[in-house]
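Chemist: Let me give you the structure first, and then I'll get to my questions.
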Amino acid sequence: MASFDSTFLDLGRLDNLSYNDTIIHRIDPRAKLLVTVVFIIVVVSFPKYALTSLVPFFFFPILMAYLAELPVGFLLKKLLIVSPFAVFIGIFNPFLDREVLVHLGSFDITGGWISFGSLILRFVLTVGAALILIATTSFPGICNALDRLKVPRLFVIQLMFLYRFIFVLTEETLRMVRARRMRSFDKKRPGIKQFVQMVGLLFLRTLERAERIYLAMCSRGFDGEIRTIKRLRFTLRDLLFLSLFIMLFAVFRFYNTNQILGNLVLQVFR
Amino acid sequence: MHMADALISPTVGLTFCAISGGTIIYSAKKLKEEANEKIIPLMGVLGAFVFAAQMINFTIPGTGSSGHLGGGMILAILLGPYAGFLTLASVLIIQALFFGDGGLLALGCNIFNMAFWTCFVAYPLIYRKIVKQDSQPTMITFAALVSVLAAMQLGPFSVVIQTLLSGISDLPFKSFVLLMQPIHLAIGLVEAVVTAAFIAFVRKARPEILQAAATSRLLAQIPIRKVLIGLGVVTLLTGGILSWFASSHPDGLEWSIERITGKSEISEPVKGIIPLLGAIQEKSAILPDYGFKPGGPPQTDEMQADQSERGEAWPAIASGTTVAGVVGSVMTLALAFLIGFVFKRRRSKVR
């Protein structure tokens with residue numbers, strides 16, 4: 001995991017991005033959530049050795065990133081530092097699967113490298129889609145969408161609370177981490193004993209804060225529900241967004257568009 | 001040990017989404033029936049607390065490397081299984097969205113691997129069985145250690161199973177298990193020590209919190225049999241339906257060609273528009289897929305069928321097809337960037 005400061009800043013930056021006002025940001029969160037989920041399912045539904053047929057799917061994240069005016073460099077950096085588990089497991093493929101499948105000129109490419117390449121493409125596409133979703137949709141918006149999609153309300157309300165408290169608590173934690181570092185010269189990280197004391201203290205403060213907040217909420221009439229004035233409206237534009245992208249994914253899934261395109265180009269030059 | 005979208009198949013992903021989603025609905029229903037609304041903000045706050053605590057790195061003694069807290073068992077002990085499960089699931093959702101840990105489809109797997117084992121197996125069947133109302137501090141510490149270790153072995157083991165069922169990785173079962181379990185024994189040991197020390201800290205500072213958690217009626221009882229039966233039904237239904245669908249329509253393209261033309265193969269292209277169709281057909285050659293081969297072995301074992309078929313399907317590819325694929329890929333990407341560029345230009349003009 002990256003250093004505390006950068007993690008904290010990234011979180012804030014994604015949150016800020018999600019409140020921008022672009023054509024993509026204005027689309028109903030339900031439509032964006034559904035399109036993203038369909039996109040991910042379609043991408044992972046390709047067989048193990050699919051490589052070139054995954055490439056057209058980059059259309060979606062690239063288009064979304066441009067339309068939503070997202071800082072592409074920032075998102076790519078986040079992709080790079082993301083947990084390397086998939087890559088770590090995938091890197092075994094080239095060593096285990098040594099059967100030569102493709103001859104490209106004088107190069108022999110084994111099945112392992114192809115499936116590894118496919119895995120990397122899957123990783124970039126799926127994680128990228130999730131990051132783009134959160135950078136174009138505010139978290140309360142997503143919670144609202146979940147609520148309208150019949151996810152249990154208790155769970156959704158609790159998720160909203162959690163999200164709001166994250167910024168408060170991480171800021172408090174950031175202060176504690178900095179204060180400890182200042183007092184302990186060259187020791188960059190706390191040991192387990194110190195860590196438990198820090199987290200314990202954080203826990204006690206958190207509980208007191210939770211108690212105060214709960215009482216304040218009760219005095220304002222909290223009864224286990226959060227009511228918002230802003231109503232979600234699923235307009236024609238949202239329906240268009242949803243159906244156009246799903247149709248596009250279907251075309252990419254069922255027709256090998258870049259093979260067709262490549263053949264056309266080769267034919268022209270032949 | 002977050003499971004990733006890139007490693008799973010839709011069948012595995014959706015099955016575990018159904019399992020975890022079902023458990024979320026069940027837990028929410030249980031909580032609504034038996035807890036008061038005070039628990040909602042408490043869950044949110046404690047979830048944010050675990051989230052913040054996970055961000056602090058500490059030094060692991062002896063190795064000099066850094067580790068961080070998982071916090072699943074801490075939530076289960078403080079909140080009980082239902083609320084703990086929901087809170088942990090929420091933390092995982094936020095991690096998946098903001099950090100790209102895992103992914104949205106793998107979320108079901110991740111919630112199952114980390115939250116389900118911790119809250120519905122390790123906590124009720126190990127921790128609660130050891131810790132009684134008047135347990136000694138050493139017993140509580142022992143219970144925390146053992147239950148965390150158990151959860152941290154069950155979770156990675158289900159990662160192995162999910163990965164193998166998906167068939168994207170080539171790692172054989174034995175070496176995968178030998179890779180995952182010892183690593184997570186070490187990680188689990190650190191997590192167990194930190195969890196036990198944290199619980200000891202809370203017991204010293206605010207003993208009434210653990211007391212309240214221990215005596216609450218809701219937290220103690222879990223109809224484990226009911227939960228397991230429900231899970232089994234959900235798994236069989238979704239897994240069964242999805243894998244039936246996956247095996248009867250192994251490739252959407254072939255399936256749609258079959259429906260359009262009435263046969264599964266298209267005659268060899270010659271000239272004109274036909275090469276276009278040929279390109280479509282070639283796709284079935286460049287993507288050997290699960291058990292869809294005239295006269296091939298029955299689709300009982302997807303991975304095996306995949307292995308046996310690959311050898312025959314691949315050599316048939318002409319290098320021209322590969323070149324076309326590469327050229328097409330480059331073109332597609334260029335086109336995507338071009339469209340983006342045009343949009344950007346238009347936007348800056350508008351401003």
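Chain lettering (A, B, ...) mirrors the order of the structure tokens, residue numbering begins at 1 for each chain separately, and ligand numbering begins at 1 in order of display.
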Within 9 Å of range 116-133 of chain A, counting only C-alpha atoms, which residues show up once you throw out same-chain ones fewer than 6 positions away? Write them as number ranges by chain, please.
Modeler: A: 14, 18, 29, 32-33, 36-37, 39-41, 43-44, 48-52, 54-55, 57-58, 60-61, 64-65, 68, 70, 75-76, 78-79, 82, 86-87, 90-94; B: 4-7, 96-105, 168-169
Chemist: Between B:Val202, B:Leu185, B:Ile161, B:Val131, which is the closest to chain A once you count only C-alpha atoms?
Modeler: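 Nearest to chain A: B:Val202.
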Chemist: Mind pulling up the distance from CA of Phe139 in chain A to CA of Ala35 in chain B?
Modeler: 26.2 Å
Chemist: Mind checking which residues fall within 10 Å of range 192-207 of chain A, counting only C-alpha atoms, ignoring those fewer than 6 positions away in the same chain, and posting them as number ranges by chain?
Modeler: A: 165, 168-169, 172-173, 176-177, 180, 213; B: 42, 45-46, 48-50, 52-54, 56-61, 67-69, 190, 193-202, 205-206
Chemist: Using only N, CA and C atoms, please write the residues we just selected to a file, as a compact mmCIF listing (two decimals), in the first residue's frame.
Modeler:
# COMPACT_ATOMS: atom_id res chain seq x y z
N PHE A 165 -17.61 9.30 7.23
CA PHE A 165 -16.66 9.26 8.34
C PHE A 165 -15.23 9.00 7.87
N VAL A 168 -13.21 12.16 7.83
CA VAL A 168 -12.93 12.66 9.17
C VAL A 168 -11.86 11.80 9.85
N LEU A 169 -12.05 10.50 9.79
CA LEU A 169 -11.15 9.61 10.53
C LEU A 169 -9.77 9.50 9.88
N GLU A 172 -7.83 12.47 10.92
CA GLU A 172 -7.37 12.33 12.30
C GLU A 172 -6.19 11.36 12.37
N THR A 173 -6.30 10.26 11.62
CA THR A 173 -5.23 9.27 11.59
C THR A 173 -3.96 9.87 11.00
N MET A 176 -2.20 11.72 13.57
CA MET A 176 -1.52 10.84 14.54
C MET A 176 -0.24 10.28 13.94
N VAL A 177 -0.32 9.85 12.68
CA VAL A 177 0.86 9.25 12.03
C VAL A 177 1.98 10.28 11.94
N ARG A 180 3.54 11.00 15.37
CA ARG A 180 4.44 9.93 15.81
C ARG A 180 5.77 10.01 15.07
N ILE A 213 -22.21 12.21 17.69
CA ILE A 213 -22.93 12.37 16.43
C ILE A 213 -24.31 11.74 16.52
N LEU B 42 -23.13 3.47 14.21
CA LEU B 42 -21.98 2.81 14.84
C LEU B 42 -21.23 1.95 13.82
N VAL B 45 -19.27 4.28 11.54
CA VAL B 45 -18.09 4.83 12.19
C VAL B 45 -17.00 3.78 12.34
N LEU B 46 -17.39 2.59 12.77
CA LEU B 46 -16.36 1.55 12.97
C LEU B 46 -15.78 1.09 11.63
N ALA B 48 -15.34 3.03 9.04
CA ALA B 48 -14.39 4.08 8.69
C ALA B 48 -13.14 3.96 9.56
N PHE B 49 -13.34 3.56 10.80
CA PHE B 49 -12.21 3.36 11.71
C PHE B 49 -11.27 2.27 11.18
N VAL B 50 -11.84 1.13 10.79
CA VAL B 50 -11.01 0.04 10.25
C VAL B 50 -10.32 0.49 8.96
N ALA B 52 -9.44 3.53 8.18
CA ALA B 52 -8.33 4.43 8.51
C ALA B 52 -7.17 3.65 9.11
N ALA B 53 -7.50 2.67 9.98
CA ALA B 53 -6.44 1.89 10.62
C ALA B 53 -5.66 1.06 9.60
N GLN B 54 -6.36 0.62 8.54
CA GLN B 54 -5.68 -0.15 7.50
C GLN B 54 -4.62 0.67 6.79
N ILE B 56 -2.51 2.72 8.14
CA ILE B 56 -1.26 2.88 8.89
C ILE B 56 -0.39 1.65 8.67
N ASN B 57 0.81 1.87 8.19
CA ASN B 57 1.75 0.76 8.05
C ASN B 57 2.56 0.62 9.32
N PHE B 58 2.80 -0.64 9.71
CA PHE B 58 3.69 -0.83 10.86
C PHE B 58 4.80 -1.81 10.48
N THR B 59 5.85 -1.81 11.28
CA THR B 59 6.97 -2.69 10.99
C THR B 59 6.72 -4.06 11.60
N ILE B 60 6.90 -5.08 10.78
CA ILE B 60 6.74 -6.44 11.30
C ILE B 60 8.06 -6.84 11.94
N PRO B 61 8.04 -7.19 13.22
CA PRO B 61 9.29 -7.48 13.92
C PRO B 61 10.03 -8.64 13.26
N GLY B 67 3.57 -4.03 7.31
CA GLY B 67 2.28 -4.71 7.19
C GLY B 67 1.18 -3.75 7.55
N HIS B 68 -0.03 -4.16 7.28
CA HIS B 68 -1.14 -3.34 7.77
C HIS B 68 -2.28 -4.24 8.22
N LEU B 69 -3.19 -3.62 8.94
CA LEU B 69 -4.29 -4.36 9.57
C LEU B 69 -5.35 -4.76 8.53
N VAL B 190 0.54 -12.23 11.94
CA VAL B 190 0.66 -10.81 12.29
C VAL B 190 -0.71 -10.24 12.62
N VAL B 193 -1.90 -11.43 16.01
CA VAL B 193 -1.24 -10.77 17.14
C VAL B 193 -1.81 -9.37 17.32
N VAL B 194 -1.96 -8.63 16.21
CA VAL B 194 -2.48 -7.27 16.31
C VAL B 194 -3.92 -7.29 16.83
N THR B 195 -4.74 -8.20 16.28
CA THR B 195 -6.13 -8.28 16.73
C THR B 195 -6.21 -8.58 18.23
N ALA B 196 -5.42 -9.57 18.67
CA ALA B 196 -5.46 -9.94 20.09
C ALA B 196 -5.02 -8.77 20.96
N ALA B 197 -3.96 -8.06 20.52
CA ALA B 197 -3.47 -6.93 21.31
C ALA B 197 -4.50 -5.81 21.35
N PHE B 198 -5.19 -5.60 20.22
CA PHE B 198 -6.20 -4.55 20.16
C PHE B 198 -7.37 -4.87 21.09
N ILE B 199 -7.82 -6.14 21.04
CA ILE B 199 -8.92 -6.54 21.91
C ILE B 199 -8.51 -6.37 23.38
N ALA B 200 -7.25 -6.71 23.69
CA ALA B 200 -6.77 -6.54 25.07
C ALA B 200 -6.79 -5.05 25.44
N PHE B 201 -6.40 -4.20 24.51
CA PHE B 201 -6.41 -2.75 24.75
C PHE B 201 -7.83 -2.27 25.05
N VAL B 202 -8.78 -2.69 24.22
CA VAL B 202 -10.17 -2.25 24.42
C VAL B 202 -10.70 -2.77 25.75
N ALA B 205 -9.34 -0.50 28.44
CA ALA B 205 -9.79 0.89 28.42
C ALA B 205 -11.31 1.00 28.59
N ARG B 206 -12.04 0.18 27.84
CA ARG B 206 -13.51 0.25 27.91
C ARG B 206 -14.09 -1.16 28.00
